[in-house]
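Enquirer: File follows, data.txt with compact mmCIF, C-alpha atoms and all ligand atoms:
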```txt
# COMPACT_ATOMS: atom_id res chain seq x y z
CA MET A 142 0.00 0.00 0.00
CA PRO A 143 1.63 3.29 -1.08
CA MET A 144 1.85 6.12 1.40
CA PHE A 145 -0.91 8.68 1.16
CA ARG A 146 -0.50 11.23 3.91
CA PRO A 147 -3.66 12.64 5.50
CA LEU A 148 -4.34 16.02 3.96
CA PRO A 149 -3.88 18.76 6.60
CA ALA A 150 -7.06 20.46 7.83
CA SER A 151 -7.28 24.21 8.26
CA GLU A 152 -9.28 26.37 10.62
CA GLU A 153 -8.85 29.38 8.33
CA ALA A 154 -11.69 30.56 6.11
CA PRO A 155 -11.57 28.77 2.73
CA ALA A 156 -11.66 32.12 0.90
CA THR A 157 -8.35 33.09 2.55
CA ARG A 158 -6.70 29.74 2.22
CA VAL A 159 -7.38 29.20 -1.50
CA ARG A 160 -4.91 31.96 -2.41
CA THR A 161 -2.08 29.62 -1.34
CA SER A 162 -2.78 26.99 -4.05
CA THR A 163 -2.27 24.26 -1.43
CA PRO A 164 -4.92 21.53 -1.20
CA THR A 165 -6.68 21.80 2.14
CA VAL A 166 -9.63 20.24 3.95
CA PHE A 167 -11.97 22.43 6.02
CA ARG A 168 -13.74 20.19 8.51
CA ALA A 169 -17.42 20.96 9.08
CA ALA A 170 -17.13 24.30 7.24
CA ALA A 171 -20.57 23.67 5.70
CA ALA A 172 -22.04 21.65 8.57
CA THR A 173 -24.75 24.20 9.29
CA TRP A 174 -25.98 24.47 5.69
CA PRO A 175 -29.63 23.42 5.41
CA ALA A 176 -28.61 21.18 2.48
CA VAL A 177 -26.26 19.19 4.72
CA ARG A 178 -28.78 18.96 7.55
CA GLU A 179 -31.93 18.31 5.56
CA TRP A 180 -31.40 16.79 2.11
CA SER A 181 -32.04 13.10 1.57
CA PHE A 182 -32.35 10.88 -1.51
CA PRO A 183 -36.16 10.58 -1.12
CA TYR A 184 -36.47 14.38 -0.81
CA LEU A 185 -34.38 15.06 -3.93
CA ALA A 186 -36.27 12.35 -5.83
CA SER A 187 -39.59 13.93 -4.89
CA LEU A 188 -38.66 17.15 -6.76
CA ALA A 189 -39.03 15.52 -10.20
CA PRO A 190 -39.21 11.70 -10.06
CA GLY A 191 -39.73 11.36 -13.81
CA LEU A 192 -36.83 13.60 -14.87
CA PRO A 193 -34.60 11.67 -17.33
CA VAL A 194 -30.97 11.45 -16.22
CA GLN A 195 -27.85 10.20 -18.00
CA LEU A 196 -25.52 8.08 -15.87
CA VAL A 197 -21.86 7.20 -16.35
CA ALA A 198 -21.23 3.45 -16.03
CA GLY A 199 -17.94 2.68 -14.29
CA ASN A 200 -14.69 4.66 -14.45
CA ARG A 201 -14.73 6.67 -17.69
CA GLU A 202 -11.39 8.31 -16.98
CA THR A 203 -9.35 5.10 -17.35
CA GLU A 204 -11.87 2.81 -19.06
CA ARG A 205 -14.17 3.16 -22.08
CA THR A 206 -16.88 5.79 -21.72
CA ARG A 207 -20.28 4.17 -21.26
CA PHE A 208 -23.61 5.78 -20.43
CA THR A 209 -26.93 4.44 -19.21
CA THR A 210 -30.19 6.29 -18.70
CA SER A 211 -32.69 6.35 -15.89
CA THR A 212 -35.05 8.74 -14.17
CA LEU A 213 -34.16 10.80 -11.13
CA GLY A 214 -36.72 8.97 -8.97
CA SER A 215 -35.68 5.49 -10.00
CA TYR A 216 -31.96 6.28 -9.75
CA LEU A 217 -32.09 7.95 -6.33
CA GLY A 218 -34.33 5.11 -5.13
CA SER A 219 -31.62 2.64 -6.16
CA LEU A 220 -29.05 4.45 -3.97
CA THR A 221 -30.94 3.59 -0.80
CA ARG A 222 -30.68 -0.14 -1.57
CA GLU A 223 -27.59 -2.29 -1.10
CA ALA A 224 -25.82 -2.78 -4.45
CA HIS A 225 -24.48 -6.17 -5.54
CA PRO A 226 -20.65 -6.17 -5.24
CA ASP A 227 -20.26 -7.15 -8.92
CA GLU A 228 -22.52 -4.37 -10.14
CA VAL A 229 -20.80 -1.62 -12.17
CA PRO A 230 -21.64 1.60 -10.31
CA ALA A 231 -23.79 4.04 -12.28
CA TYR A 232 -22.87 7.63 -11.45
CA LEU A 233 -24.87 10.83 -11.94
CA LYS A 234 -21.98 13.21 -12.63
CA GLU A 235 -21.75 16.95 -13.25
CA PHE A 236 -25.50 17.13 -12.68
CA ASP A 237 -26.72 20.72 -12.59
CA LEU A 238 -29.04 20.23 -9.62
CA LEU A 239 -29.36 23.96 -8.92
CA LYS A 240 -30.39 24.73 -12.49
CA GLU A 241 -33.02 21.97 -12.40
CA PHE A 242 -34.28 23.02 -8.97
CA PRO A 243 -33.40 26.69 -8.33
CA GLN A 244 -35.31 26.61 -5.03
CA LEU A 245 -32.49 24.46 -3.59
CA ARG A 246 -30.12 27.46 -3.69
CA ALA A 247 -31.80 28.65 -0.51
CA ASP A 248 -30.29 25.60 1.26
CA LEU A 249 -26.69 26.58 0.42
CA ARG A 250 -24.32 29.19 1.86
CA SER A 251 -21.82 29.19 -1.02
CA ARG A 252 -21.05 32.88 -0.66
CA GLU A 253 -19.36 32.14 2.68
CA LEU A 254 -16.85 29.87 0.95
CA PHE A 255 -15.70 31.49 -2.26
CA PRO A 256 -13.35 34.46 -2.50
CA SER A 257 -15.22 37.60 -3.51
CA GLY A 258 -14.85 38.79 -7.08
CA THR A 259 -14.46 35.28 -8.50
CA ILE A 260 -16.55 33.65 -11.19
CA ARG A 261 -17.81 30.20 -10.26
CA SER A 262 -19.79 27.28 -11.58
CA SER A 263 -21.37 24.44 -9.66
CA ALA A 264 -22.56 20.92 -10.26
CA THR A 265 -23.34 17.81 -8.21
CA TRP A 266 -21.93 14.28 -8.19
CA ILE A 267 -24.54 11.80 -6.95
CA GLY A 268 -23.69 8.12 -6.71
CA PRO A 269 -23.62 4.79 -4.87
CA SER A 270 -20.79 3.21 -2.88
CA ARG A 271 -17.74 2.50 -5.09
CA ALA A 272 -18.73 5.14 -7.67
CA ARG A 273 -15.38 6.43 -8.87
CA THR A 274 -13.88 9.26 -10.86
CA GLY A 275 -10.50 8.14 -12.19
CA LEU A 276 -7.32 10.11 -11.70
CA HIS A 277 -7.47 13.48 -13.45
CA CYS A 278 -6.66 17.15 -12.94
CA ASP A 279 -8.79 20.17 -13.70
CA LEU A 280 -7.88 23.47 -15.34
CA LEU A 281 -9.47 25.60 -12.62
CA ASP A 282 -9.43 25.72 -8.83
CA ASN A 283 -12.21 23.76 -7.17
CA LEU A 284 -14.07 23.81 -3.85
CA ALA A 285 -16.04 20.66 -3.09
CA VAL A 286 -18.72 20.46 -0.41
CA GLN A 287 -19.76 17.03 0.86
CA ILE A 288 -23.53 17.20 1.31
CA MET A 289 -24.40 13.55 2.04
CA GLY A 290 -22.34 10.38 2.57
CA THR A 291 -18.58 9.78 2.74
CA LYS A 292 -16.16 10.34 -0.13
CA ARG A 293 -12.42 9.65 -0.38
CA PHE A 294 -10.11 11.92 -2.36
CA TYR A 295 -6.63 10.74 -3.34
CA LEU A 296 -4.45 13.68 -4.37
CA ALA A 297 -1.13 13.80 -6.22
CA ARG A 298 1.07 16.81 -6.77
CA PRO A 299 1.08 18.49 -10.23
CA GLY A 300 3.61 16.89 -12.54
CA THR A 301 3.56 13.39 -10.96
CA VAL A 302 1.57 11.79 -13.80
CA LYS A 303 3.76 13.31 -16.48
CA GLN A 304 6.92 12.20 -14.66
CA ALA A 305 5.54 8.65 -14.64
CA GLY A 306 4.82 8.87 -18.39
CA LYS A 307 1.12 8.10 -17.75
CA GLU A 308 -0.71 11.09 -19.23
CA SER A 309 -3.74 9.93 -21.22
CA ARG A 310 -4.66 11.20 -24.68
CA LYS A 311 -8.36 10.72 -23.96
CA TYR A 312 -10.26 13.95 -24.54
CA ASP A 313 -12.06 15.78 -21.73
CA ALA A 314 -13.18 19.38 -22.08
CA TRP A 315 -12.11 20.67 -18.66
CA ALA A 316 -9.69 18.05 -17.35
CA ARG A 317 -6.55 16.11 -18.12
CA LEU A 318 -6.63 12.38 -17.50
CA SER A 319 -4.21 9.74 -16.28
CA LEU A 320 -3.84 6.24 -17.73
CA ILE A 321 -3.45 4.76 -14.24
CA GLY A 322 -5.03 5.20 -10.82
CA ALA A 323 -3.65 7.11 -7.86
CA GLU A 324 -2.54 4.02 -5.94
CA GLU A 325 -0.62 2.64 -8.91
CA LEU A 326 0.95 6.04 -9.50
CA ALA A 327 2.00 6.41 -5.87
CA ALA A 328 3.58 2.95 -5.63
CA GLY A 329 7.32 3.42 -5.21
CA GLN A 330 7.22 7.20 -5.54
CA ASP A 331 8.11 10.00 -3.15
CA ASP A 332 5.71 10.01 -0.17
CA GLY A 333 5.63 13.79 -0.09
CA ASP A 334 3.64 13.96 -3.31
CA PHE A 335 0.53 11.97 -2.26
CA PHE A 336 -2.34 12.82 0.09
CA VAL A 337 -5.72 11.39 1.08
CA ALA A 338 -8.80 13.01 2.60
CA ASP A 339 -12.11 11.40 3.57
CA LEU A 340 -14.96 13.91 3.45
CA GLU A 341 -17.95 13.59 5.77
CA PRO A 342 -21.16 15.62 5.39
CA GLY A 343 -20.37 19.31 5.92
CA ASP A 344 -16.65 18.97 5.10
CA VAL A 345 -15.18 21.17 2.36
CA LEU A 346 -12.13 20.40 0.22
CA TYR A 347 -10.03 22.78 -1.82
CA VAL A 348 -8.37 21.17 -4.86
CA PRO A 349 -6.13 23.66 -6.70
CA ALA A 350 -5.96 23.60 -10.49
CA TYR A 351 -3.58 20.95 -11.90
CA TRP A 352 -3.52 18.88 -8.70
CA TRP A 353 -4.32 15.28 -9.73
CA HIS A 354 -7.15 13.59 -7.86
CA GLU A 355 -9.04 10.31 -7.87
CA VAL A 356 -12.34 10.18 -6.02
CA VAL A 357 -14.32 7.23 -4.72
CA ASN A 358 -17.55 6.99 -2.75
CA LEU A 359 -17.19 5.05 0.51
CA THR A 360 -20.98 5.28 0.94
CA PRO A 361 -23.80 6.54 -1.32
CA GLY A 362 -23.53 10.31 -1.39
CA VAL A 363 -23.95 13.77 -2.86
CA LEU A 364 -21.08 16.19 -3.52
CA LEU A 365 -21.51 19.79 -4.61
CA SER A 366 -18.48 21.01 -6.49
CA GLY A 367 -17.65 24.45 -7.79
CA PHE A 368 -14.90 25.67 -10.09
CA PHE A 369 -13.85 29.24 -9.56
CA GLY A 370 -11.20 31.80 -10.33
CA PRO A 371 -10.56 35.44 -11.14
CA ARG A 372 -12.69 36.64 -14.05
CA THR A 373 -9.84 37.00 -16.57
CA ARG A 374 -8.41 33.56 -15.83
CA VAL A 375 -11.81 31.83 -16.02
CA LEU A 376 -12.73 33.57 -19.27
CA SER A 377 -9.40 32.81 -20.95
CA ARG A 378 -9.58 29.12 -19.96
CA TRP A 379 -13.21 29.06 -21.11
CA ALA A 380 -12.28 30.44 -24.54
CA TRP A 381 -9.52 27.85 -24.89
CA VAL A 382 -11.90 25.04 -23.84
CA GLN A 383 -14.57 26.22 -26.32
CA ALA A 384 -12.04 26.21 -29.18
CA ARG A 385 -11.07 22.61 -28.37
CA GLU A 386 -14.74 21.66 -27.99
CA SER A 387 -15.45 22.92 -31.52
CA LEU A 388 -12.66 20.72 -32.87
CA HIS A 389 -13.96 17.77 -30.84
CA ARG A 390 -17.53 18.18 -32.11
CA ALA A 391 -16.21 18.40 -35.67
CA GLY A 392 -14.44 15.06 -35.16
CA LEU A 393 -10.98 16.61 -35.43
CA LEU A 394 -9.86 16.07 -31.82
CA GLY A 395 -10.30 13.07 -29.53
CA ARG A 396 -12.71 11.30 -31.85
CA GLY A 397 -13.90 7.95 -30.43
CA ASP A 398 -11.89 8.46 -27.22
CA CYS A 399 -13.46 11.05 -24.96
CA THR A 400 -15.42 11.32 -21.71
CA CYS A 401 -18.45 13.02 -23.30
CA HIS A 402 -19.51 10.49 -25.96
CA GLY A 403 -20.10 6.77 -25.38
CA HIS A 404 -17.36 4.58 -26.85
CA PRO A 405 -18.48 3.22 -30.26
CA ASP A 406 -18.09 -0.41 -29.12
CA SER A 407 -20.24 0.12 -26.06
CA ARG A 408 -23.36 1.08 -28.02
CA THR A 409 -26.00 -1.53 -28.74
CA ARG A 410 -24.99 -3.22 -31.98
CA ARG A 411 -27.53 -3.48 -34.73
CA ALA A 412 -28.69 -7.06 -35.25
CA PRO A 413 -27.27 -8.68 -38.41
CA GLY A 414 -29.57 -8.20 -41.37
CA SER A 415 -31.60 -5.34 -39.84
CA ALA A 416 -31.94 -2.17 -41.85
ZN ZN B 1 -16.90 13.48 -26.80
```
For this file, produce the structure as structure tokens.
Ligand SMILES: [Zn+2]
Expert:
Amino acid sequence: MPMFRPLPASEEAPATRVRTSTPTVFRAAAATWPAVREWSFPYLASLAPGLPVQLVAGNRETERTRFTTSTLGSYLGSLTREAHPDEVPAYLKEFDLLKEFPQLRADLRSRELFPSGTIRSSATWIGPSRARTGLHCDLLDNLAVQIMGTKRFYLARPGTVKQAGKESRKYDAWARLSLIGAEELAAGQDDGDFFVADLEPGDVLYVPAYWWHEVVNLTPGVLLSGFFGPRTRVLSRWAWVQARESLHRAGLLGRGDCTCHGHPDSRTRRAPGSA
């Protein structure tokens, strides 16, 4: 087992601490948010049980990208039941919960967390035990708020994946991906480069841009995650991402190997002889 050191916790306000570009956990910084105290899977399901949702099957960062579909009610209902250990976890990722249900904004206190004058986005990651996001790094700073359940973050210093020669060519609009997982990467490497943090409801984690991280649910849970940064930085990264997205949509970049389209071999094949 490689050495992952526990990520240091800070008592400082996240908005102060994020200027240091050092990953940090803020224990219970969101513990009093109504979302943390009151949300449940049945409550969220009740908001729109029939809403269609697209789920990621398995680890799309290191494996083929596969999607399944469900409804919000049926999916959230499944999270309250024990999953079979062989089942491939289906993960509702980057779900814009606050856009779907703007009334839920009243249950958050995001303004307390983020530095003033920054632009930010937010999305939710909702999934069962063992739901996993493979090792990757993002182009912007991120603050993640654990709303329900327990989630483990493995973190690796910027540059460690490149040094190991394990950068992936798989296309992702806002992230860079690794060919291997955090534990494989950390095996035999310098202890000082690898950290772990388990988030409980109300905990907040700061992941600076370009820090590699792999994330796994230890229990079913909900994470609210927001990218942020100074206006000029966010807009310049956004413009660069949009240019690459245009190439990707035109089939000129990352065709057949991306996190946003199902892998061609994972689609249902047409039966022989059918039109
Ligand atoms: Zn794609």
Enquirer: I'd like to know which of A:Thr209, A:Gln287, A:Thr157, A:Ser387 is closest to ligand ZN 1 (chain B), using only C-alpha atoms and all ligand atoms.
Expert: A:Ser387
Enquirer: Give the residue list for ligand ZN 1 (chain B) at 6 Å, counting only C-alpha atoms and all ligand atoms, as a ChimeraX atom specification, sorted by chain and then by residue number.
Expert: /A:399-402
Enquirer: Neighbours of stretch 169-183 of chain A within 8 Å (all atoms listed in the file; same-chain residues fewer than 4 positions away dropped), as a PyMOL selection string?
Expert: chain A and resi 187+217-218+220-221+245+248-250+286-289+342-345
Enquirer: Do you know which residues are at most 10 Å from A:Arg201 counting only C-alpha atoms, after dropping those on the same chain fewer than 6 positions away, and could you put them as a count of residues only?
Expert: 12
Enquirer: Quick one: of A:Asp339, A:Glu308, A:Glu241, A:Asp282, who's nearest to A:Val375, counting all atoms listed in the file?
Expert: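 Among the listed residues, A:Asp282 lies closest to A:Val375.
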Enquirer: A:Asn283, A:Thr373, A:Thr206, A:Gln244: which is nearest A:Ala350, counting all atoms listed in the file?
Expert: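 Residue with the minimum atom-to-atom distance to A:Ala350: A:Asn283.
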Enquirer: Residues at most 9 Å from A:Gly300, counting all atoms listed in the file, excluding those fewer than 2 positions away in the same chain, as number ranges by chain?
Expert: A: 297-298, 302-305, 351-353
Enquirer: With distances taken over only C-alpha atoms, which residue among A:Pro361, A:Gly191, A:Gly268, A:Pro256 lies nearest A:Ala156?
Expert: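 Looking only at the distances to A:Ala156, the closest residue turns out to be A:Pro256.
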Enquirer: With a distance cut-off of 8 Å and only C-alpha atoms, select the neighbouring residues of A:Ala150, excluding the residue or stretch itself and same-chain residues fewer than 6 positions from it, and output the selection as a ChimeraX atom specification.
Expert: /A:165-168
Enquirer: Please measure the separation of atom CA of A:Leu326 and atom CA of A:Pro349, giving the value in Å to one decimal.
Expert: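 Straight-line distance from atom CA of A:Leu326 to atom CA of A:Pro349 works out to 19.2 Å.
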Enquirer: Measuring atom to atom with all atoms listed in the file, identify which of A:Arg310, A:Glu235, A:Leu296, A:Ser251 is nearest to A:Gly322.
Expert: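 Checking each candidate against A:Gly322, we get A:Leu296 as the closest.
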Enquirer: Pick the closest to A:Gly258 from A:Pro371, A:Gly397, A:Pro155, A:Pro405: which is it, counting all atoms listed in the file?
Expert: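 Of the candidates, the smallest distance to A:Gly258 is held by A:Pro371.
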Enquirer: Please provide the set of residues having any atom within 12 Å of A:Ala328, restricted to only C-alpha atoms, with same-chain residues fewer than 4 positions apart removed, written as a ChimeraX atom specification.
Expert: /A:142-145,297,301,305,321-324,332,334-335
